[in-house]
file upload09.cif (mmCIF, C-alpha atoms)
data_my_file
#
loop_
_atom_site.label_atom_id
_atom_site.label_comp_id
_atom_site.auth_asym_id
_atom_site.auth_seq_id
_atom_site.Cartn_x
_atom_site.Cartn_y
_atom_site.Cartn_z
CA MET O 1 39.11 146.40 72.84
CA SER O 2 36.36 143.75 72.87
CA ARG O 3 36.49 140.43 71.03
CA VAL O 4 33.84 141.54 68.51
CA GLN O 5 35.77 144.67 67.58
CA LYS O 6 38.93 142.65 67.28
CA ASN O 7 37.23 140.18 64.88
CA GLU O 8 35.85 143.09 62.80
CA ASN O 9 39.31 144.62 62.48
CA GLU O 10 40.72 141.25 61.44
CA ASN O 11 37.96 140.84 58.80
CA ASP O 12 38.66 144.37 57.45
CA GLN O 13 42.34 143.58 57.20
CA ALA O 14 41.59 140.27 55.44
CA GLY O 15 39.27 142.03 52.97
CA GLU O 16 41.86 144.70 52.24
CA LEU O 17 44.46 142.02 51.74
CA ARG O 18 42.23 140.14 49.29
CA SER O 19 41.58 143.31 47.30
CA ARG O 20 45.32 143.96 47.09
CA ILE O 21 45.87 140.42 45.86
CA GLU O 22 43.22 140.79 43.15
CA ARG O 23 44.74 144.08 41.95
CA GLN O 24 48.18 142.51 41.77
CA LYS O 25 46.77 139.54 39.83
CA ALA O 26 45.03 141.90 37.41
CA LYS O 27 48.24 143.82 36.87
CA SER O 28 50.27 140.67 36.44
CA SER O 29 47.74 139.23 33.90
CA LEU O 30 48.18 142.17 31.50
CA PRO O 31 51.42 141.87 29.48
CA LYS O 32 53.65 144.85 28.90
CA ARG O 33 53.51 146.80 25.65
CA SER O 34 57.10 146.03 24.76
CA LYS O 35 56.46 142.35 25.37
CA VAL O 36 53.41 142.48 23.04
CA HIS O 37 55.53 143.94 20.24
CA GLN O 38 58.21 141.31 20.82
CA ASN O 39 55.62 138.56 20.63
CA LYS O 40 54.32 139.95 17.35
CA LYS O 41 57.81 139.99 15.90
CA LYS O 42 58.41 136.47 17.12
CA LYS O 43 55.17 135.27 15.53
CA SER O 44 56.10 136.82 12.21
CA LYS O 45 59.52 135.19 12.40
CA VAL O 46 58.09 131.86 13.37
CA LYS O 47 55.84 131.86 10.36
CA LYS O 48 58.89 132.21 8.15
CA PHE O 49 60.73 129.28 9.82
CA PRO O 50 60.14 125.84 8.50
CA MET O 51 58.41 123.27 10.62
CA ILE O 52 61.64 121.39 11.42
CA GLN O 53 63.33 124.51 12.74
CA LEU O 54 60.23 125.30 14.86
CA LEU O 55 60.31 121.85 16.44
CA ALA O 56 64.05 122.12 17.13
CA LEU O 57 63.54 125.48 18.80
CA PHE O 58 60.71 124.02 20.89
CA PHE O 59 62.85 121.17 22.18
CA ILE O 60 65.67 123.61 22.99
CA LEU O 61 63.40 126.00 24.90
CA LEU O 62 61.55 123.24 26.79
CA PRO O 63 64.39 122.31 29.26
CA ILE O 64 65.23 125.99 29.68
CA GLY O 65 61.63 126.67 30.69
CA PHE O 66 61.60 123.77 33.16
CA TYR O 67 64.88 124.97 34.68
CA THR O 68 63.53 128.55 34.97
CA LEU O 69 60.34 127.30 36.64
CA TYR O 70 62.31 125.13 39.06
CA THR O 71 64.61 128.04 39.95
CA TYR O 72 61.62 130.31 40.49
CA LEU O 73 59.91 127.84 42.80
CA GLN O 74 63.11 127.27 44.78
CA GLY O 75 63.67 131.02 45.21
CA ARG O 76 60.16 131.85 46.46
CA PRO O 77 60.39 133.67 49.84
CA VAL O 78 58.52 132.38 52.90
CA PRO O 79 55.89 134.76 54.34
CA VAL O 80 56.93 136.35 57.66
CA VAL O 81 54.26 136.42 60.39
CA LYS O 82 54.32 139.46 62.68
CA SER O 83 51.55 140.00 65.28
CA ASP O 84 48.16 139.78 63.48
CA GLN O 85 49.36 140.79 59.96
CA VAL O 86 50.88 138.73 57.12
CA VAL O 87 53.70 140.48 55.21
CA PHE O 88 54.77 139.30 51.75
CA SER O 89 57.65 140.30 49.54
CA GLU O 90 56.92 141.90 46.17
CA GLU O 91 57.75 138.77 44.18
CA SER O 92 55.81 136.34 46.38
CA ILE O 93 52.24 135.25 45.82
CA PRO O 94 50.20 136.57 48.79
CA THR O 95 47.71 134.35 50.60
CA THR O 96 45.01 135.13 53.15
CA ALA O 97 45.54 134.33 56.86
CA THR O 98 42.83 134.32 59.49
CA ALA O 99 43.15 134.95 63.24
CA ASP O 100 42.58 131.26 63.96
CA ASP O 101 45.58 130.31 61.82
CA LEU O 102 47.73 132.87 63.60
CA ASN O 103 46.54 131.64 66.99
CA GLU O 104 47.32 128.08 65.96
CA LYS O 105 50.79 129.12 64.86
CA GLU O 106 51.39 130.98 68.09
CA SER O 107 50.13 128.05 70.15
CA ALA O 108 52.33 125.69 68.13
CA LYS O 109 55.30 128.01 68.69
CA ALA O 110 54.56 128.21 72.42
CA LYS O 111 54.17 124.45 72.54
CA ALA O 112 57.49 124.00 70.73
CA GLU O 113 59.21 126.40 73.14
CA LYS O 114 57.64 124.59 76.09
CA GLU O 115 58.81 121.24 74.76
CA LYS O 116 62.27 122.70 74.22
CA GLU O 117 62.36 123.99 77.81
CA GLU O 118 61.16 120.63 79.12
CA ALA O 119 63.83 118.85 77.07
CA GLU O 120 66.49 121.23 78.41
CA GLU O 121 65.29 120.73 82.00
CA LYS O 122 65.25 116.96 81.48
CA ALA O 123 68.78 117.02 80.06
CA LYS O 124 69.92 119.22 82.95
CA ALA O 125 68.31 116.84 85.48
CA GLN O 126 69.97 113.85 83.79
CA LYS O 127 73.33 115.64 83.87
CA GLU O 128 72.92 116.50 87.56
CA ALA O 129 71.90 112.89 88.29
CA LYS O 130 74.99 111.60 86.46
CA GLU O 131 77.26 114.02 88.34
CA LYS O 132 75.64 113.04 91.64
CA ALA O 133 76.04 109.33 90.85
CA LYS O 134 79.68 109.92 89.87
CA ALA O 135 80.35 111.83 93.10
CA GLN O 136 78.64 109.07 95.12
CA GLN O 137 80.72 106.43 93.33
CA GLU O 138 83.94 108.35 94.05
CA ALA O 139 82.92 108.73 97.72
CA ASP O 140 82.18 104.98 97.94
CA GLU O 141 85.53 104.11 96.35
CA LYS O 142 87.33 106.49 98.72
CA ALA O 143 85.53 105.00 101.75
CA LYS O 144 86.33 101.47 100.52
CA ALA O 145 90.01 102.35 100.09
CA GLN O 146 90.06 103.88 103.56
CA ARG O 147 88.45 100.74 105.06
CA GLU O 148 90.94 98.52 103.27
CA ALA O 149 93.83 100.69 104.53
CA GLU O 150 92.47 100.54 108.09
CA GLU O 151 92.03 96.76 107.89
CA LYS O 152 95.54 96.39 106.49
CA ALA O 153 96.95 98.57 109.27
CA LYS O 154 94.98 96.56 111.85
CA VAL O 155 96.33 93.27 110.50
CA GLN O 156 99.85 94.72 110.47
CA ARG O 157 99.46 95.95 114.05
CA GLU O 158 98.12 92.59 115.22
CA ALA O 159 101.00 90.81 113.49
CA GLU O 160 103.51 93.15 115.16
CA GLU O 161 101.87 92.68 118.57
CA LYS O 162 101.87 88.91 118.08
CA ALA O 163 105.53 88.94 117.07
CA LYS O 164 106.36 91.17 120.06
CA ALA O 165 104.48 88.87 122.45
CA GLN O 166 106.26 85.89 120.96
CA ARG O 167 109.65 87.57 121.40
CA GLU O 168 108.80 88.51 124.98
CA ALA O 169 107.67 84.93 125.67
CA GLU O 170 110.89 83.58 124.17
CA GLU O 171 112.99 86.04 126.19
CA LYS O 172 111.05 85.17 129.34
CA ALA O 173 111.48 81.45 128.70
CA LYS O 174 115.16 81.99 128.03
CA ALA O 175 115.56 84.02 131.24
CA GLN O 176 113.64 81.36 133.16
CA GLN O 177 115.87 78.69 131.65
CA ILE O 178 118.99 80.64 132.63
CA ALA O 179 117.60 81.15 136.15
CA ASP O 180 116.79 77.45 136.41
CA GLU O 181 120.25 76.55 135.21
CA LYS O 182 121.79 78.93 137.75
CA ALA O 183 119.63 77.55 140.55
CA LYS O 184 120.44 74.01 139.50
CA LYS O 185 124.13 74.85 139.38
CA ALA O 186 124.00 76.51 142.78
CA GLU O 187 122.13 73.52 144.19
CA THR O 188 124.72 71.21 142.68
CA GLU O 189 127.56 73.27 144.12
CA LYS O 190 125.82 73.38 147.50
CA GLN O 191 125.27 69.65 147.45
CA LYS O 192 128.88 69.08 146.42
CA ALA O 193 130.13 71.35 149.23
CA SER O 194 127.91 69.53 151.69
CA GLU O 195 129.29 66.23 150.48
CA ASN O 196 132.79 67.59 150.86
CA VAL O 197 131.98 68.72 154.39
CA GLN O 198 130.50 65.35 155.23
CA ALA O 199 133.52 63.66 153.80
CA ALA O 200 135.87 65.91 155.72
CA LYS O 201 133.80 65.78 158.90
CA PRO O 202 135.65 63.61 161.44
CA ASP O 203 134.44 62.24 164.66
CA LYS O 204 134.17 65.08 167.23
CA GLU O 205 135.54 62.82 169.93
CA GLY O 206 138.83 62.61 168.08
CA TYR O 207 139.31 66.43 168.05
CA LYS O 208 140.31 68.98 170.60
CA VAL O 209 138.85 72.42 170.34
CA VAL O 210 141.00 75.56 170.31
CA LEU O 211 139.28 78.91 170.67
CA HIS O 212 140.52 81.54 168.25
CA THR O 213 139.68 85.23 168.43
CA VAL O 214 139.48 86.80 165.00
CA GLN O 215 141.95 89.62 164.52
CA GLY O 216 141.72 92.53 162.10
CA GLU O 217 141.88 91.63 158.41
CA GLU O 218 141.79 87.86 159.16
CA THR O 219 139.83 85.50 156.92
CA LEU O 220 138.81 81.89 157.14
CA PHE O 221 141.37 81.12 154.47
CA ARG O 222 144.19 82.61 156.53
CA ILE O 223 142.99 80.91 159.74
CA SER O 224 142.72 77.58 157.88
CA MET O 225 146.23 78.00 156.48
CA ASN O 226 147.47 78.92 159.94
CA TYR O 227 146.00 75.84 161.70
CA TYR O 228 145.70 73.26 158.89
CA LYS O 229 148.28 74.44 156.34
CA SER O 230 145.60 74.07 153.65
CA GLN O 231 142.24 75.50 152.73
CA GLU O 232 140.42 72.25 153.41
CA GLY O 233 139.93 73.39 157.03
CA ILE O 234 137.55 76.16 155.94
CA ALA O 235 134.61 73.74 155.67
CA LEU O 236 135.49 72.19 159.04
CA ILE O 237 135.66 75.60 160.79
CA ARG O 238 132.31 76.62 159.29
CA GLU O 239 130.67 73.38 160.40
CA TRP O 240 131.92 73.62 163.97
CA ASN O 241 130.90 77.28 164.24
CA GLY O 242 127.60 77.05 162.30
CA LEU O 243 128.67 79.51 159.57
CA ASN O 244 126.78 79.68 156.24
CA GLY O 245 129.47 81.63 154.45
CA ASN O 246 133.00 82.84 154.73
CA GLU O 247 132.14 86.09 156.47
CA ILE O 248 133.64 86.64 159.94
CA SER O 249 134.10 89.79 162.03
CA LYS O 250 136.90 91.14 164.24
CA GLY O 251 136.71 89.90 167.83
CA GLN O 252 134.59 86.89 166.91
CA VAL O 253 135.57 83.70 168.77
CA LEU O 254 135.82 80.63 166.58
CA LYS O 255 136.10 76.98 167.51
CA ILE O 256 139.09 75.42 165.75
CA PRO O 257 138.92 71.60 165.85
CA ILE O 258 142.34 69.97 165.86
CA LYS O 259 142.95 66.25 165.73
CA LYS O 260 144.32 64.67 168.90
#
call {"tool": "encode", "arguments": {"input": "upload09.cif", "output": "structure tokens"}}
result
Amino acid sequence: MSRVQKNENENDQAGELRSRIERQKAKSSLPKRSKVHQNKKKKSKVKKFPMIQLLALFFILLPIGFYTLYTYLQGRPVPVVKSDQVVFSEESIPTTATADDLNEKESAKAKAEKEKEEAEEKAKAQKEAKEKAKAQQEADEKAKAQREAEEKAKVQREAEEKAKAQREAEEKAKAQQIADEKAKKAETEKQKASENVQAAKPDKEGYKVVLHTVQGEETLFRISMNYYKSQEGIALIREWNGLNGNEISKGQVLKIPIKK
């Protein structure tokens, strides 16, 4: 259908609608027969009433009329627009509607729907942005807590390693101190033994030497007791034979110095 034909059809519909409105107005302008008779009776009755009663009746009916008019205006139905036609209820007062008005209404409706969709999309985008920001904040807090835990563990580990190194250093120093004390004690004992040997060392020219062959299970202590009747001869036997300790073996020949 072309645009011209469409406009002609719309004009025909508008003309038909106007004719229907005029017929309804003509019908509504003519009162009913029963109402005419009632008005005549009322007029005849009014003529009989005095003027005071007529005024009282007027003031009584005036607020009732205003209330009826207000109720009628509040209860008027709104015309429903469907496609290119305007539909009215029987009690409503019909009005004419052109195609331009309908197009404007449709465009306004489309615009309102578009604005509604844009508002919904904007609200959805804001909600997604808030959720994303919340998730990012939670991730940042989690990463921060993890970093703090790692730093705390690192500090704890360093403190433990430092304490361990300190304990090891103390133990090493203590062991070194014990070793030094032992070495010092051994040196003191050695020096004391040497002094004892020097003190007990007589002039070799005043001794005669007796050769003694070590028998099984003999010790320097036994040999010293045998020749000197005391253990003081152990140092003298070691000195004359160049012994560093008390170890001797079976069959070994020892020099036993005896005073002349």
call {"tool": "residues_near_point", "arguments": {"input": "upload09.cif", "point": "(140.4, 72.6, 169.4)", "cutoff": "6 Å", "atoms": "all atoms listed in the file", "output": "NGL selection string"}}
result
:O and (208-210 or 256-258)
call {"tool": "residues_around", "arguments": {"input": "upload09.cif", "residues": "range 241-254 of chain O", "least_positions_apart": "5", "cutoff": "6 Å", "atoms": "all atoms listed in the file", "output": "list in words"}}
result
Leu211, His212, Thr213, Val214, Gln215 and Gly216 of chain O
call {"tool": "closest_atom_pairs", "arguments": {"input": "upload09.cif", "of": "range 138-203 of chain O", "to": "range 122-133 of chain O", "cutoff": "12 Å", "atoms": "all atoms listed in the file", "output": "JSON lines"}}
result
{"residue": "O:Glu138", "atom": "CA", "partner": "O:Ala133", "partner_atom": "CA", "distance": 8.6}
{"residue": "O:Ala139", "atom": "CA", "partner": "O:Ala133", "partner_atom": "CA", "distance": 9.7}
{"residue": "O:Asp140", "atom": "CA", "partner": "O:Ala133", "partner_atom": "CA", "distance": 10.3}
call {"tool": "axis_aligned_box", "arguments": {"input": "upload09.cif", "around": "range 55-74 of chain O", "padding_each_side": "8 Å", "output": "lines of an AutoDock Vina configuration file"}}
result
center_x = 62.8
center_y = 125.7
center_z = 30.6
size_x = 21.8
size_y = 25.1
size_z = 44.3
call {"tool": "atom_distance", "arguments": {"input": "upload09.cif", "atom1": "CA of Trp240 in chain O", "atom2": "CA of Gly206 in chain O"}}
result
13.6 Å
call {"tool": "atom_distance", "arguments": {"input": "upload09.cif", "atom1": "CA of Arg238 in chain O", "atom2": "CA of Asn226 in chain O"}}
result
15.3 Å
call {"tool": "decode", "arguments": {"input": "upload09.cif", "residues": "range 129-157 of chain O", "atoms": "N, CA and C atoms", "output": "PDB file, in the first residue's frame"}}
result
ATOM      1  N   ALA O 129      30.527  -3.509  37.299  1.00  0.00           N
ATOM      2  CA  ALA O 129      31.732  -2.778  37.708  1.00  0.00           C
ATOM      3  C   ALA O 129      31.940  -2.878  39.220  1.00  0.00           C
ATOM      4  N   LYS O 130      30.835  -2.770  39.984  1.00  0.00           N
ATOM      5  CA  LYS O 130      30.947  -2.892  41.445  1.00  0.00           C
ATOM      6  C   LYS O 130      31.416  -4.285  41.838  1.00  0.00           C
ATOM      7  N   GLU O 131      30.835  -5.318  41.196  1.00  0.00           N
ATOM      8  CA  GLU O 131      31.245  -6.694  41.506  1.00  0.00           C
ATOM      9  C   GLU O 131      32.714  -6.916  41.146  1.00  0.00           C
ATOM     10  N   LYS O 132      33.122  -6.367  39.993  1.00  0.00           N
ATOM     11  CA  LYS O 132      34.520  -6.512  39.584  1.00  0.00           C
ATOM     12  C   LYS O 132      35.453  -5.802  40.566  1.00  0.00           C
ATOM     13  N   ALA O 133      35.062  -4.595  40.980  1.00  0.00           N
ATOM     14  CA  ALA O 133      35.884  -3.858  41.952  1.00  0.00           C
ATOM     15  C   ALA O 133      35.946  -4.598  43.284  1.00  0.00           C
ATOM     16  N   LYS O 134      34.819  -5.182  43.690  1.00  0.00           N
ATOM     17  CA  LYS O 134      34.804  -5.951  44.946  1.00  0.00           C
ATOM     18  C   LYS O 134      35.705  -7.166  44.849  1.00  0.00           C
ATOM     19  N   ALA O 135      35.631  -7.885  43.708  1.00  0.00           N
ATOM     20  CA  ALA O 135      36.488  -9.059  43.513  1.00  0.00           C
ATOM     21  C   ALA O 135      37.959  -8.659  43.500  1.00  0.00           C
ATOM     22  N   GLN O 136      38.265  -7.518  42.830  1.00  0.00           N
ATOM     23  CA  GLN O 136      39.650  -7.040  42.796  1.00  0.00           C
ATOM     24  C   GLN O 136      40.143  -6.675  44.195  1.00  0.00           C
ATOM     25  N   GLN O 137      39.253  -6.030  44.973  1.00  0.00           N
ATOM     26  CA  GLN O 137      39.621  -5.665  46.340  1.00  0.00           C
ATOM     27  C   GLN O 137      39.884  -6.903  47.185  1.00  0.00           C
ATOM     28  N   GLU O 138      39.020  -7.934  47.046  1.00  0.00           N
ATOM     29  CA  GLU O 138      39.230  -9.174  47.794  1.00  0.00           C
ATOM     30  C   GLU O 138      40.535  -9.842  47.384  1.00  0.00           C
ATOM     31  N   ALA O 139      40.835  -9.831  46.060  1.00  0.00           N
ATOM     32  CA  ALA O 139      42.086 -10.431  45.582  1.00  0.00           C
ATOM     33  C   ALA O 139      43.291  -9.671  46.138  1.00  0.00           C
ATOM     34  N   ASP O 140      43.195  -8.325  46.162  1.00  0.00           N
ATOM     35  CA  ASP O 140      44.295  -7.518  46.709  1.00  0.00           C
ATOM     36  C   ASP O 140      44.495  -7.800  48.197  1.00  0.00           C
ATOM     37  N   GLU O 141      43.387  -7.895  48.934  1.00  0.00           N
ATOM     38  CA  GLU O 141      43.496  -8.179  50.370  1.00  0.00           C
ATOM     39  C   GLU O 141      44.092  -9.561  50.605  1.00  0.00           C
ATOM     40  N   LYS O 142      43.682 -10.536  49.777  1.00  0.00           N
ATOM     41  CA  LYS O 142      44.222 -11.891  49.908  1.00  0.00           C
ATOM     42  C   LYS O 142      45.720 -11.907  49.603  1.00  0.00           C
ATOM     43  N   ALA O 143      46.119 -11.200  48.524  1.00  0.00           N
ATOM     44  CA  ALA O 143      47.545 -11.139  48.176  1.00  0.00           C
ATOM     45  C   ALA O 143      48.334 -10.435  49.275  1.00  0.00           C
ATOM     46  N   LYS O 144      47.768  -9.367  49.839  1.00  0.00           N
ATOM     47  CA  LYS O 144      48.439  -8.642  50.921  1.00  0.00           C
ATOM     48  C   LYS O 144      48.624  -9.535  52.142  1.00  0.00           C
ATOM     49  N   ALA O 145      47.561 -10.295  52.495  1.00  0.00           N
ATOM     50  CA  ALA O 145      47.657 -11.205  53.631  1.00  0.00           C
ATOM     51  C   ALA O 145      48.703 -12.287  53.385  1.00  0.00           C
ATOM     52  N   GLN O 146      48.749 -12.770  52.126  1.00  0.00           N
ATOM     53  CA  GLN O 146      49.744 -13.791  51.798  1.00  0.00           C
ATOM     54  C   GLN O 146      51.163 -13.228  51.901  1.00  0.00           C
ATOM     55  N   ARG O 147      51.365 -11.979  51.398  1.00  0.00           N
ATOM     56  CA  ARG O 147      52.682 -11.352  51.510  1.00  0.00           C
ATOM     57  C   ARG O 147      53.079 -11.153  52.969  1.00  0.00           C
ATOM     58  N   GLU O 148      52.124 -10.699  53.771  1.00  0.00           N
ATOM     59  CA  GLU O 148      52.424 -10.497  55.191  1.00  0.00           C
ATOM     60  C   GLU O 148      52.781 -11.816  55.861  1.00  0.00           C
ATOM     61  N   ALA O 149      52.040 -12.906  55.503  1.00  0.00           N
ATOM     62  CA  ALA O 149      52.355 -14.217  56.084  1.00  0.00           C
ATOM     63  C   ALA O 149      53.744 -14.690  55.649  1.00  0.00           C
ATOM     64  N   GLU O 150      54.081 -14.464  54.359  1.00  0.00           N
ATOM     65  CA  GLU O 150      55.403 -14.862  53.877  1.00  0.00           C
ATOM     66  C   GLU O 150      56.509 -14.067  54.570  1.00  0.00           C
ATOM     67  N   GLU O 151      56.285 -12.749  54.730  1.00  0.00           N
ATOM     68  CA  GLU O 151      57.281 -11.924  55.413  1.00  0.00           C
ATOM     69  C   GLU O 151      57.439 -12.345  56.877  1.00  0.00           C
ATOM     70  N   LYS O 152      56.315 -12.658  57.516  1.00  0.00           N
ATOM     71  CA  LYS O 152      56.366 -13.109  58.902  1.00  0.00           C
ATOM     72  C   LYS O 152      57.115 -14.429  59.009  1.00  0.00           C
ATOM     73  N   ALA O 153      56.832 -15.360  58.079  1.00  0.00           N
ATOM     74  CA  ALA O 153      57.535 -16.641  58.082  1.00  0.00           C
ATOM     75  C   ALA O 153      59.028 -16.448  57.819  1.00  0.00           C
ATOM     76  N   LYS O 154      59.352 -15.495  56.907  1.00  0.00           N
ATOM     77  CA  LYS O 154      60.758 -15.224  56.609  1.00  0.00           C
ATOM     78  C   LYS O 154      61.481 -14.677  57.835  1.00  0.00           C
ATOM     79  N   VAL O 155      60.839 -13.731  58.523  1.00  0.00           N
ATOM     80  CA  VAL O 155      61.439 -13.161  59.727  1.00  0.00           C
ATOM     81  C   VAL O 155      61.623 -14.233  60.795  1.00  0.00           C
ATOM     82  N   GLN O 156      60.590 -15.114  60.931  1.00  0.00           N
ATOM     83  CA  GLN O 156      60.685 -16.199  61.904  1.00  0.00           C
ATOM     84  C   GLN O 156      61.818 -17.148  61.557  1.00  0.00           C
ATOM     85  N   ARG O 157      61.942 -17.466  60.257  1.00  0.00           N
ATOM     86  CA  ARG O 157      63.013 -18.372  59.812  1.00  0.00           C
ATOM     87  C   ARG O 157      64.391 -17.752  60.046  1.00  0.00           C
TER      88      ARG O 157
END
